[in-house]
Structure formats: C-alpha cells, structure tokens
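Peer 1: The structure that follows is given in the form of structure tokens.
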Amino acid sequence: MASPRLKSGFLLIDAPISLAKKASTIRGAFGFSKPIENPQQIDLAVIGSVAVDKNGNRLGKGGGYGDQEIKLARSFNAQIVSNVHSLQVVSKVPVDIWDEKIDIIITEKEIIRIEH
C-alpha cells in the first residue's frame, strides 16, 4: 500500500488474517508492514477519490499523491480502481493536464468499467 502522502513510500503489509481488521487502519498498517523501495509488480491499485465521473476522471483530496500512485501502477500495466459511494459519481469532474484516469469505479450499487 502507499503510505499517506507517500512520505514513507510503499509498504508491504504482512498480518495474520485474524488481525486483518487492525492491519487495515493506517496505524495498524505501519505496525504490520515493512517498507518497499522498488515494487516488483503491481496488478491492481485501489485509489481513494472524493468524486469520479464515468469518463474515468477522479477528484482527490489535493496534492497529487493519488496521481503519483496511479502513474506508478500504470508503469506495471495495473488496473486502477476507485471505490466510492454512488453519490460520489458525478456527471463531470474538473480535470487538469496532470490528472490521471481510473479504469473501474465500484459503488455499493454497481461496477462501472471505463472505456479508454
């Protein structure tokens, strides 16, 4: 997983399944992980979003960290997914030239595959 704001780079979480809930928190993730300097393979990246549209555009929290994660994942030909509530799927997200697109939107109601 990417550490918050990529300050600690990427982490490999290794927790027993019995502690998965605890390891899924930021504090727990740091407690059950080791840093990865150069990921060898990324198949799927789950990226948080404030809003998304059906063209694959996403709005993050600002700072461009999600876009950096997407670029890295894309270099491995990974699929980029954002899981949001259906209310976060809007008609159009504002886009800048550095913004990266996602491939799949997952809501509580549907899975939306983006045609690129």
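Within each chain, counting starts at residue 1; across the structure tokens, chains are named A, B, ... in the order shown, with ligands numbered 1 upward in that order.
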Name the residues in contact with A:Ala78 at a cut-off of 6 Å, using only C-alpha atoms, excluding same-chain residues fewer than 4 positions from it; report them as a ChimeraX atom specification.
Peer 2: /A:42-44,73-74
Peer 1: Now that the selection is made, can you save its residues with N, CA and C atoms as a JSON list (two decimals), in the first residue's frame?
Peer 2:
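Ended up saving to result33.json:
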```json
[["chain", "number", "residue", "atom", "x", "y", "z"],
["A", 42, "ILE", "N", 2.79, -4.63, -9.66],
["A", 42, "ILE", "CA", 1.53, -4.10, -9.17],
["A", 42, "ILE", "C", 0.48, -4.50, -10.18],
["A", 43, "ASP", "N", -0.52, -5.27, -9.76],
["A", 43, "ASP", "CA", -1.58, -5.72, -10.67],
["A", 43, "ASP", "C", -2.84, -4.88, -10.56],
["A", 44, "LEU", "N", -3.09, -4.36, -9.36],
["A", 44, "LEU", "CA", -4.31, -3.62, -9.09],
["A", 44, "LEU", "C", -4.01, -2.54, -8.07],
["A", 73, "ALA", "N", 1.53, 2.71, -10.76],
["A", 73, "ALA", "CA", 0.78, 1.48, -11.05],
["A", 73, "ALA", "C", 0.65, 1.27, -12.56],
["A", 74, "ARG", "N", 0.43, 2.34, -13.30],
["A", 74, "ARG", "CA", 0.32, 2.24, -14.76],
["A", 74, "ARG", "C", 1.62, 1.71, -15.38]]
```
Peer 1: Excluding A:Pro4 and residues on its chain fewer than 2 positions from it, collect all residues at most 12 Å away from it, counting only C-alpha atoms, and give them as a list in words.
Peer 2: Met1, Ala2, Leu6, Lys7, Ser8, Gly9, Phe10, Leu11, Thr25, Ile26, Arg27, Ala29, Phe30, Ile47, Gly48, Lys61, Gly63, Gly64, Tyr65, Gly66 and Glu69 of chain A
Peer 1: Could you state the separation of atom CA of A:Asp67 and atom CA of A:Lys21 in Å, given to one decimal place?
Peer 2: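 So the answer is 26.8 Å.
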Peer 1: May I ask which of the residues A:Asp96, A:Ser82, A:Phe76, A:Gly56 is the closest one to A:Gln40, counting only C-alpha atoms?
Peer 2: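 Once distances to A:Gln40 are computed over only C-alpha atoms, the minimum belongs to A:Phe76.
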Peer 1: To test your reading of the structure, identify every residue in chain A that backbone DSSP assigns to alpha helix (DSSP H), and report it as a ChimeraX atom specification.
Peer 2: /A:20-23,26-31,65-74
